[in-house]
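Enquirer: So I've got this file, target11.csv, and it contains CSV, C-alpha atoms:
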chain,number,residue,atom,x,y,z
P,1,MET,CA,-19.7,25.1,25.2
P,2,ILE,CA,-17.4,27.0,22.9
P,3,ARG,CA,-15.2,24.0,22.1
P,4,GLU,CA,-18.2,21.9,21.2
P,5,ALA,CA,-19.3,24.7,18.8
P,6,ILE,CA,-15.8,24.7,17.2
P,7,LEU,CA,-15.8,20.9,16.7
P,8,ARG,CA,-19.3,21.0,15.1
P,9,LEU,CA,-18.2,23.8,12.8
P,10,LEU,CA,-14.9,22.1,11.8
P,11,GLY,CA,-16.9,19.0,10.9
P,12,GLU,CA,-19.4,20.9,8.9
P,13,VAL,CA,-17.4,23.6,7.0
P,14,GLY,CA,-13.8,22.6,7.6
P,15,TYR,CA,-10.8,24.8,8.6
P,16,GLY,CA,-10.8,26.9,5.5
P,17,ALA,CA,-14.3,28.2,5.9
P,18,LEU,CA,-14.2,28.5,9.7
P,19,THR,CA,-14.4,32.1,11.0
P,20,MET,CA,-14.2,33.6,14.5
P,21,ASP,CA,-17.7,35.2,13.8
P,22,ALA,CA,-19.2,31.8,13.0
P,23,VAL,CA,-17.7,30.3,16.2
P,24,ALA,CA,-19.2,33.1,18.3
P,25,ALA,CA,-22.6,32.7,16.6
P,26,GLU,CA,-22.6,28.9,16.9
P,27,ALA,CA,-21.6,29.1,20.6
P,28,GLY,CA,-24.1,31.8,21.3
P,29,VAL,CA,-21.4,34.2,22.8
P,30,GLY,CA,-20.1,37.6,21.8
P,31,LYS,CA,-17.1,38.0,19.5
P,32,ALA,CA,-15.2,39.7,22.3
P,33,THR,CA,-15.4,36.5,24.3
P,34,ILE,CA,-13.8,34.5,21.5
P,35,TYR,CA,-11.1,37.0,20.8
P,36,ARG,CA,-10.2,37.3,24.5
P,37,ARG,CA,-9.4,33.6,24.6
P,38,TRP,CA,-7.8,33.1,21.2
P,39,ARG,CA,-6.0,35.7,19.1
P,40,THR,CA,-6.3,33.9,15.8
P,41,LYS,CA,-8.3,31.1,14.2
P,42,GLN,CA,-5.2,29.0,14.2
P,43,ASP,CA,-4.7,29.5,18.0
P,44,LEU,CA,-8.3,28.5,18.5
P,45,VAL,CA,-8.1,25.3,16.5
P,46,VAL,CA,-4.7,24.3,17.9
P,47,ASP,CA,-6.1,24.7,21.4
P,48,THR,CA,-9.2,22.7,20.4
P,49,ILE,CA,-7.1,19.8,18.9
P,50,ALA,CA,-4.9,19.7,22.0
P,51,VAL,CA,-7.9,18.9,24.3
P,52,MET,CA,-9.5,16.4,21.9
P,53,ASN,CA,-7.6,13.6,23.6
P,54,GLN,CA,-9.8,13.4,26.7
P,55,SER,CA,-11.8,10.4,25.6
P,56,LEU,CA,-8.7,8.7,24.4
P,57,ALA,CA,-6.6,9.3,27.5
P,58,THR,CA,-8.9,7.8,30.1
P,59,PRO,CA,-7.2,4.6,31.3
P,60,VAL,CA,-8.7,1.2,30.4
P,61,ASP,CA,-8.5,-1.6,32.9
P,62,THR,CA,-11.0,-4.5,32.5
P,63,GLY,CA,-8.7,-6.9,34.3
P,64,SER,CA,-7.5,-8.8,31.2
P,65,LEU,CA,-5.5,-7.9,28.1
P,66,GLU,CA,-8.2,-9.1,25.7
P,67,GLY,CA,-10.8,-7.2,27.6
P,68,ASP,CA,-8.7,-4.0,27.5
P,69,VAL,CA,-8.0,-4.3,23.7
P,70,GLN,CA,-11.8,-4.8,23.1
P,71,ALA,CA,-12.6,-1.8,25.2
P,72,MET,CA,-10.0,0.4,23.3
P,73,VAL,CA,-11.3,-0.7,19.9
P,74,HIS,CA,-14.9,0.0,20.8
P,75,ARG,CA,-13.9,3.4,22.2
P,76,MET,CA,-12.3,4.2,18.9
P,77,VAL,CA,-15.6,3.4,17.1
P,78,ASP,CA,-17.3,6.0,19.4
P,79,VAL,CA,-14.6,8.6,18.7
P,80,ILE,CA,-14.7,8.1,14.9
P,81,ASN,CA,-18.5,8.4,14.9
P,82,GLY,CA,-18.6,11.4,17.3
P,83,PRO,CA,-17.8,15.1,16.8
P,84,VAL,CA,-14.1,14.6,17.5
P,85,GLY,CA,-13.9,12.0,14.6
P,86,THR,CA,-15.7,14.3,12.2
P,87,ALA,CA,-13.5,17.3,13.1
P,88,ILE,CA,-10.3,15.3,12.8
P,89,ARG,CA,-11.2,14.0,9.4
P,90,SER,CA,-12.1,17.5,8.3
P,91,LEU,CA,-8.8,18.9,9.6
P,92,LEU,CA,-6.4,16.3,8.3
P,93,PRO,CA,-5.8,17.8,4.8
P,94,THR,CA,-5.1,21.3,6.4
P,95,MET,CA,-2.7,19.7,8.9
P,96,GLN,CA,-0.5,18.6,5.9
P,97,HIS,CA,0.1,22.3,5.1
P,98,GLN,CA,0.0,23.8,8.6
P,99,PRO,CA,2.7,22.4,10.9
P,100,ALA,CA,1.3,24.1,14.0
P,101,LEU,CA,-2.0,22.1,13.6
P,102,PHE,CA,-0.2,18.8,12.9
P,103,GLU,CA,2.0,19.4,15.9
P,104,ALA,CA,-1.0,19.9,18.1
P,105,PHE,CA,-2.5,16.7,16.8
P,106,ARG,CA,0.7,14.8,17.2
P,107,THR,CA,1.4,15.9,20.8
P,108,GLY,CA,-2.3,15.9,21.7
P,109,PRO,CA,-4.7,13.1,20.6
P,110,LEU,CA,-2.0,10.9,18.9
P,111,ALA,CA,0.2,11.0,22.0
P,112,ALA,CA,-2.7,10.4,24.3
P,113,TRP,CA,-3.7,7.4,22.3
P,114,ARG,CA,-0.2,6.0,22.3
P,115,ASP,CA,0.0,6.5,26.1
P,116,SER,CA,-3.2,4.6,26.6
P,117,TYR,CA,-1.6,1.7,24.7
P,118,ALA,CA,1.6,1.9,26.6
P,119,ARG,CA,-0.3,1.7,29.9
P,120,MET,CA,-2.3,-1.3,28.6
P,121,TRP,CA,0.8,-3.2,27.5
P,122,ALA,CA,2.4,-2.5,30.9
P,123,GLN,CA,-0.6,-3.8,32.8
P,124,ALA,CA,-0.7,-7.0,30.6
P,125,GLU,CA,3.1,-7.5,31.2
P,126,ALA,CA,2.5,-7.1,35.0
P,127,ARG,CA,-0.3,-9.7,34.8
P,128,GLY,CA,2.0,-12.1,32.8
P,129,GLU,CA,-0.3,-11.9,29.7
P,130,LEU,CA,2.3,-10.4,27.4
P,131,THR,CA,6.0,-11.0,26.7
P,132,SER,CA,7.9,-8.6,28.9
P,133,GLY,CA,9.8,-5.8,27.1
P,134,GLY,CA,8.4,-6.9,23.7
P,135,GLU,CA,7.7,-4.7,20.8
P,136,HIS,CA,4.0,-4.1,20.5
P,137,ALA,CA,3.9,-1.2,18.1
P,138,LEU,CA,2.5,-3.2,15.2
P,139,LEU,CA,-0.1,-4.8,17.4
P,140,ALA,CA,-1.2,-1.3,18.5
P,141,GLU,CA,-1.4,-0.1,14.9
P,142,THR,CA,-3.4,-3.2,13.9
P,143,THR,CA,-6.1,-2.7,16.5
P,144,THR,CA,-7.3,0.6,14.9
P,145,ALA,CA,-6.0,0.3,11.3
P,146,LEU,CA,-9.1,-1.3,9.8
P,147,LEU,CA,-11.5,1.2,11.4
P,148,VAL,CA,-9.3,4.1,10.3
P,149,GLN,CA,-9.2,2.8,6.7
P,150,ARG,CA,-13.1,2.8,6.5
P,151,TRP,CA,-13.3,6.1,8.3
P,152,LEU,CA,-10.8,8.0,6.2
P,153,LEU,CA,-10.6,6.2,2.9
P,154,THR,CA,-13.5,4.0,1.8
P,155,GLY,CA,-16.3,5.8,3.7
P,156,GLU,CA,-17.9,2.5,4.7
P,157,PRO,CA,-19.7,2.5,8.1
P,158,VAL,CA,-17.5,2.0,11.3
P,159,THR,CA,-20.0,0.1,13.5
P,160,HIS,CA,-19.5,-1.7,16.8
P,161,GLU,CA,-20.5,-4.9,14.9
P,162,TYR,CA,-17.7,-4.3,12.4
P,163,ALA,CA,-15.3,-3.7,15.3
P,164,ASP,CA,-16.3,-7.1,16.8
P,165,ASP,CA,-15.6,-8.8,13.4
P,166,VAL,CA,-12.2,-7.1,13.3
P,167,LEU,CA,-11.4,-8.1,16.9
P,168,GLU,CA,-12.4,-11.7,16.3
P,169,ALA,CA,-10.7,-12.2,12.9
P,170,VAL,CA,-7.6,-10.0,13.1
P,171,VAL,CA,-6.8,-8.4,16.4
P,172,LEU,CA,-7.4,-11.0,19.1
P,173,PRO,CA,-5.6,-13.8,17.2
P,174,MET,CA,-2.6,-11.5,17.0
P,175,VAL,CA,-2.8,-10.7,20.7
P,176,ARG,CA,-2.7,-14.4,21.4
P,177,THR,CA,0.5,-14.9,19.4
P,178,GLN,CA,2.2,-12.4,21.8
P,179,ARG,CA,1.6,-14.4,25.0
P,180,PRO,CA,4.7,-15.3,26.9
I,1,MET,CA,0.5,15.2,-20.0
I,2,ILE,CA,-2.5,17.1,-18.8
I,3,ARG,CA,-3.6,14.4,-16.3
I,4,GLU,CA,-0.2,14.4,-14.7
I,5,ALA,CA,-0.4,18.2,-14.3
I,6,ILE,CA,-3.8,17.9,-12.7
I,7,LEU,CA,-2.5,15.2,-10.2
I,8,ARG,CA,0.4,17.4,-9.3
I,9,LEU,CA,-1.8,20.5,-8.7
I,10,LEU,CA,-4.3,18.5,-6.7
I,11,GLY,CA,-1.5,17.3,-4.4
I,12,GLU,CA,0.0,20.7,-4.1
I,13,VAL,CA,-3.0,23.1,-3.7
I,14,GLY,CA,-6.0,20.8,-3.3
I,15,TYR,CA,-9.4,20.8,-5.0
I,16,GLY,CA,-10.6,24.2,-3.6
I,17,ALA,CA,-7.7,26.2,-5.0
I,18,LEU,CA,-7.4,24.3,-8.3
I,19,THR,CA,-8.3,26.4,-11.3
I,20,MET,CA,-8.7,25.6,-15.0
I,21,ASP,CA,-6.1,28.4,-15.7
I,22,ALA,CA,-3.6,26.8,-13.4
I,23,VAL,CA,-4.1,23.4,-15.0
I,24,ALA,CA,-3.5,24.9,-18.5
I,25,ALA,CA,-0.3,26.7,-17.2
I,26,GLU,CA,1.0,23.6,-15.4
I,27,ALA,CA,0.4,21.4,-18.4
I,28,GLY,CA,1.8,24.0,-20.8
I,29,VAL,CA,-1.3,24.1,-23.1
I,30,GLY,CA,-3.8,26.8,-23.9
I,31,LYS,CA,-7.0,27.3,-21.9
I,32,ALA,CA,-9.1,26.3,-24.9
I,33,THR,CA,-7.6,22.9,-24.9
I,34,ILE,CA,-8.7,22.3,-21.3
I,35,TYR,CA,-12.2,23.7,-21.8
I,36,ARG,CA,-12.6,21.6,-25.0
I,37,ARG,CA,-12.2,18.4,-22.9
I,38,TRP,CA,-13.8,19.4,-19.6
I,39,ARG,CA,-16.6,21.9,-19.2
I,40,THR,CA,-16.0,22.4,-15.4
I,41,LYS,CA,-13.4,21.8,-12.8
I,42,GLN,CA,-15.5,19.1,-11.4
I,43,ASP,CA,-15.7,17.3,-14.7
I,44,LEU,CA,-12.0,17.5,-15.0
I,45,VAL,CA,-11.3,16.1,-11.6
I,46,VAL,CA,-14.0,13.4,-11.8
I,47,ASP,CA,-12.4,12.2,-15.1
I,48,THR,CA,-8.9,12.3,-13.5
I,49,ILE,CA,-10.1,10.2,-10.5
I,50,ALA,CA,-11.7,7.7,-12.8
I,51,VAL,CA,-8.4,6.9,-14.6
I,52,MET,CA,-6.3,6.8,-11.4
I,53,ASN,CA,-6.9,3.1,-11.1
I,54,GLN,CA,-4.5,1.9,-13.8
I,55,SER,CA,-1.7,1.0,-11.5
I,56,LEU,CA,-4.1,-0.8,-9.1
I,57,ALA,CA,-6.0,-2.7,-11.8
I,58,THR,CA,-3.0,-4.4,-13.4
I,59,PRO,CA,-3.3,-8.1,-12.6
I,60,VAL,CA,-0.9,-9.7,-10.1
I,61,ASP,CA,0.2,-13.3,-10.7
I,62,THR,CA,3.4,-14.4,-9.1
I,63,GLY,CA,2.3,-18.1,-9.0
I,64,SER,CA,1.5,-18.2,-5.2
I,65,LEU,CA,-1.0,-16.5,-2.9
I,66,GLU,CA,1.7,-15.3,-0.5
I,67,GLY,CA,3.7,-13.8,-3.4
I,68,ASP,CA,0.6,-12.1,-4.9
I,69,VAL,CA,-0.3,-10.6,-1.5
I,70,GLN,CA,3.3,-9.3,-1.0
I,71,ALA,CA,3.2,-7.8,-4.5
I,72,MET,CA,-0.1,-6.1,-3.9
I,73,VAL,CA,1.0,-4.6,-0.6
I,74,HIS,CA,4.3,-3.3,-2.1
I,75,ARG,CA,2.3,-1.8,-5.0
I,76,MET,CA,0.2,0.0,-2.5
I,77,VAL,CA,3.3,1.6,-1.0
I,78,ASP,CA,4.2,2.9,-4.5
I,79,VAL,CA,0.7,4.3,-5.0
I,80,ILE,CA,0.7,6.0,-1.6
I,81,ASN,CA,4.1,7.6,-2.2
I,82,GLY,CA,3.4,8.6,-5.8
I,83,PRO,CA,1.3,11.5,-7.3
I,84,VAL,CA,-1.9,9.4,-7.2
I,85,GLY,CA,-1.5,8.9,-3.4
I,86,THR,CA,-0.9,12.6,-2.8
I,87,ALA,CA,-3.8,13.6,-5.0
I,88,ILE,CA,-6.2,11.2,-3.3
I,89,ARG,CA,-5.2,12.3,0.1
I,90,SER,CA,-5.8,15.9,-0.9
I,91,LEU,CA,-9.2,15.1,-2.4
I,92,LEU,CA,-10.6,13.0,0.4
I,93,PRO,CA,-12.1,15.8,2.4
I,94,THR,CA,-13.7,17.4,-0.7
I,95,MET,CA,-15.2,14.0,-1.6
I,96,GLN,CA,-17.2,14.0,1.7
I,97,HIS,CA,-19.1,17.1,0.5
I,98,GLN,CA,-19.2,16.4,-3.3
I,99,PRO,CA,-21.0,13.1,-4.1
I,100,ALA,CA,-19.9,13.2,-7.8
I,101,LEU,CA,-16.2,13.1,-6.7
I,102,PHE,CA,-16.7,10.3,-4.2
I,103,GLU,CA,-18.7,8.3,-6.8
I,104,ALA,CA,-15.8,8.6,-9.3
I,105,PHE,CA,-13.5,7.4,-6.5
I,106,ARG,CA,-15.8,4.5,-5.5
I,107,THR,CA,-16.4,3.3,-9.0
I,108,GLY,CA,-12.8,4.0,-10.2
I,109,PRO,CA,-9.8,3.3,-7.9
I,110,LEU,CA,-11.7,1.6,-5.1
I,111,ALA,CA,-13.5,-0.7,-7.5
I,112,ALA,CA,-10.3,-1.5,-9.4
I,113,TRP,CA,-8.6,-2.3,-6.2
I,114,ARG,CA,-11.4,-4.7,-5.1
I,115,ASP,CA,-11.4,-6.3,-8.5
I,116,SER,CA,-7.6,-7.0,-8.2
I,117,TYR,CA,-8.3,-8.7,-4.9
I,118,ALA,CA,-11.2,-10.7,-6.2
I,119,ARG,CA,-8.9,-12.0,-9.1
I,120,MET,CA,-6.2,-12.8,-6.6
I,121,TRP,CA,-8.5,-14.8,-4.3
I,122,ALA,CA,-9.9,-16.7,-7.4
I,123,GLN,CA,-6.4,-17.6,-8.5
I,124,ALA,CA,-5.6,-18.8,-5.0
I,125,GLU,CA,-8.8,-20.9,-4.8
I,126,ALA,CA,-8.0,-22.4,-8.2
I,127,ARG,CA,-4.5,-23.3,-6.9
I,128,GLY,CA,-6.0,-24.9,-3.8
I,129,GLU,CA,-4.3,-22.3,-1.5
I,130,LEU,CA,-7.5,-20.7,-0.1
I,131,THR,CA,-10.8,-22.1,1.2
I,132,SER,CA,-13.1,-22.1,-1.8
I,133,GLY,CA,-16.1,-19.7,-1.6
I,134,GLY,CA,-14.7,-18.2,1.7
I,135,GLU,CA,-15.2,-14.7,2.9
I,136,HIS,CA,-12.0,-12.8,2.3
I,137,ALA,CA,-13.2,-9.2,2.8
I,138,LEU,CA,-11.5,-8.7,6.1
I,139,LEU,CA,-8.2,-10.2,4.8
I,140,ALA,CA,-8.3,-7.8,1.9
I,141,GLU,CA,-8.9,-4.8,4.2
I,142,THR,CA,-6.1,-6.0,6.6
I,143,THR,CA,-3.5,-6.1,3.8
I,144,THR,CA,-3.7,-2.3,3.3
I,145,ALA,CA,-5.1,-0.9,6.5
I,146,LEU,CA,-1.9,-0.3,8.4
I,147,LEU,CA,-0.3,1.5,5.4
I,148,VAL,CA,-3.5,3.6,5.0
I,149,GLN,CA,-3.5,4.6,8.7
I,150,ARG,CA,0.1,6.0,8.4
I,151,TRP,CA,-0.7,7.6,5.1
I,152,LEU,CA,-3.9,9.4,6.1
I,153,LEU,CA,-3.8,9.7,9.9
I,154,THR,CA,-0.5,9.6,11.7
I,155,GLY,CA,1.8,10.9,8.8
I,156,GLU,CA,4.5,8.3,9.6
I,157,PRO,CA,6.5,7.2,6.6
I,158,VAL,CA,5.0,4.3,4.5
I,159,THR,CA,8.2,2.5,3.3
I,160,HIS,CA,8.8,-0.8,1.7
I,161,GLU,CA,10.5,-1.9,4.9
I,162,TYR,CA,7.4,-1.1,6.9
I,163,ALA,CA,5.3,-3.0,4.4
I,164,ASP,CA,7.6,-6.1,4.9
I,165,ASP,CA,7.2,-5.8,8.7
I,166,VAL,CA,3.4,-5.6,8.3
I,167,LEU,CA,3.4,-8.6,5.9
I,168,GLU,CA,5.5,-10.7,8.3
I,169,ALA,CA,3.7,-9.8,11.6
I,170,VAL,CA,0.1,-9.3,10.5
I,171,VAL,CA,-0.9,-10.1,6.9
I,172,LEU,CA,0.9,-13.4,6.1
I,173,PRO,CA,0.0,-15.1,9.4
I,174,MET,CA,-3.6,-14.2,8.6
I,175,VAL,CA,-3.3,-15.6,5.0
I,176,ARG,CA,-2.0,-18.9,6.5
I,177,THR,CA,-5.1,-19.3,8.7
I,178,GLN,CA,-7.3,-19.2,5.6
I,179,ARG,CA,-5.7,-22.2,4.0
I,180,PRO,CA,-8.1,-25.1,3.2
Write out the structure in this file as structure tokens.
Expert:
Amino acid sequence: MIREAILRLLGEVGYGALTMDAVAAEAGVGKATIYRRWRTKQDLVVDTIAVMNQSLATPVDTGSLEGDVQAMVHRMVDVINGPVGTAIRSLLPTMQHQPALFEAFRTGPLAAWRDSYARMWAQAEARGELTSGGEHALLAETTTALLVQRWLLTGEPVTHEYADDVLEAVVLPMVRTQRP
Amino acid sequence: MIREAILRLLGEVGYGALTMDAVAAEAGVGKATIYRRWRTKQDLVVDTIAVMNQSLATPVDTGSLEGDVQAMVHRMVDVINGPVGTAIRSLLPTMQHQPALFEAFRTGPLAAWRDSYARMWAQAEARGELTSGGEHALLAETTTALLVQRWLLTGEPVTHEYADDVLEAVVLPMVRTQRP
């Protein structure tokens, strides 16, 4: 898969050192195949970022709000430790200087992530587990913030065990304060 | 100041594009002055990272745990929005590939930040505001995690108003659960 080759290369060498030739070699296809699909390196990366959201956009529905939140947090651990997480971390500094890349990130993975939360809150409101029409933005940010801090700032491992500690000590107590 | 010139340049062009010549020009000194102090670009940046911790290492003591936590969080807002925050954000991807830079970050700013928290918890334990000998690592991570997530991942503004929202909805309720 060409997109998997792009993700691997982004994680390994970053945007600056990525070349269309390297993508072709890594994917095991001819250069013409790459250039037929994408005119420039930026096109290719924008398009790759836009489809990174698939694992984030799949709906979560365990039947309870606490179960849904736990599932979302553990899914985030898998994203962080997988090729998408490595590629995003490697792209973030470039995004600051290239609006087209940041826009692809904002309207792709970030929007998909927010949509998943919106759906989760709506389900919980329908079940009567969450104050209807409440403001849950800070709760959503809290569920992932501690994982993101280790992933992007301190470099400490983001394990499922750590996610369970964060859920128990920080996230689930906050969820419980938002019951009707 | 040479170090201020280095921070500005790191924020603007990043580590890859930083040159000793540019540092000399930005600081308004001769190249010889730069090379007398630092043999290589890496030496120069390692040394700059090591002294980034000054604003983080200053002790906080407002007389109460909640006041101290609030002061630390608002200080973090200033760091994020200042030249040190921009330089760190710009250096993070390079740190993943250059162990000497990450080590300077780990033993400099990160260690200074952890020391400030350790002192804050010790003060609170002495005042009887916090369970003695408790494990406050997750609490410390929570105080800054939401700010870091906006700073490094989503690009949303990290304002003092946002810090107040985070304190009120997330951090201070968690502090209160750790009272003896």
Enquirer: Pull out every residue of chain I sitting within 10 Å of chain P, counting all atoms listed in the file, and send them as a ChimeraX atom specification.
Expert: /I:12-14,16,88-97,102,105-106,110,138-139,141-155,162,165-166,169-171,173-174,177
Enquirer: Got a sec: who's within 12 Å of P:Glu125, counting only C-alpha atoms, leaving out chain neighbours fewer than 2 positions off, as a short mmCIF file (atom, residue, chain, number, x, y, z; two decimals) with C-alpha atoms, keeping the file's coordinate frame?
Expert:
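Ended up saving to part25.cif:
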data_model
loop_
_atom_site.label_atom_id
_atom_site.label_comp_id
_atom_site.auth_asym_id
_atom_site.auth_seq_id
_atom_site.Cartn_x
_atom_site.Cartn_y
_atom_site.Cartn_z
CA SER P 64 -7.50 -8.80 31.20
CA LEU P 65 -5.50 -7.90 28.10
CA ALA P 118 1.60 1.90 26.60
CA ARG P 119 -0.30 1.70 29.90
CA MET P 120 -2.30 -1.30 28.60
CA TRP P 121 0.80 -3.20 27.50
CA ALA P 122 2.40 -2.50 30.90
CA GLN P 123 -0.60 -3.80 32.80
CA ARG P 127 -0.30 -9.70 34.80
CA GLY P 128 2.00 -12.10 32.80
CA GLU P 129 -0.30 -11.90 29.70
CA LEU P 130 2.30 -10.40 27.40
CA THR P 131 6.00 -11.00 26.70
CA SER P 132 7.90 -8.60 28.90
CA GLY P 133 9.80 -5.80 27.10
CA GLY P 134 8.40 -6.90 23.70
CA GLU P 135 7.70 -4.70 20.80
CA HIS P 136 4.00 -4.10 20.50
CA GLN P 178 2.20 -12.40 21.80
CA ARG P 179 1.60 -14.40 25.00
CA PRO P 180 4.70 -15.30 26.90
#
Enquirer: Taking all atoms of stretch 42-60 of chain I that the file lists, what box with edges along x, y and z, padded by 4 Å per side, do you get, with centre and edge lengths in Å to one decimal, as JSON?
Expert:
{"center_x": -8.3, "center_y": 4.7, "center_z": -12.1, "size_x": 22.8, "size_y": 36.8, "size_z": 14.0}
Enquirer: Give me, please, the distance in Å between atom CA of P:Val46 and atom CA of P:Asp21, quoted to one decimal.
Expert: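 Computing the Euclidean distance for atom CA of P:Val46 and atom CA of P:Asp21 yields 17.5 Å.
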Enquirer: Have a look at atom CA of P:Met52 and atom CA of P:Pro109 and let me know their distance in Å, one decimal.
Expert: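 These two atoms are separated by 6.0 Å.
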Enquirer: Mind giving me the straight-line distance from atom CA of P:Met1 to atom CA of P:Gly28 in Å, one decimal?
Expert: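 Atom CA of P:Gly28 lies at a distance of 8.9 Å from atom CA of P:Met1.
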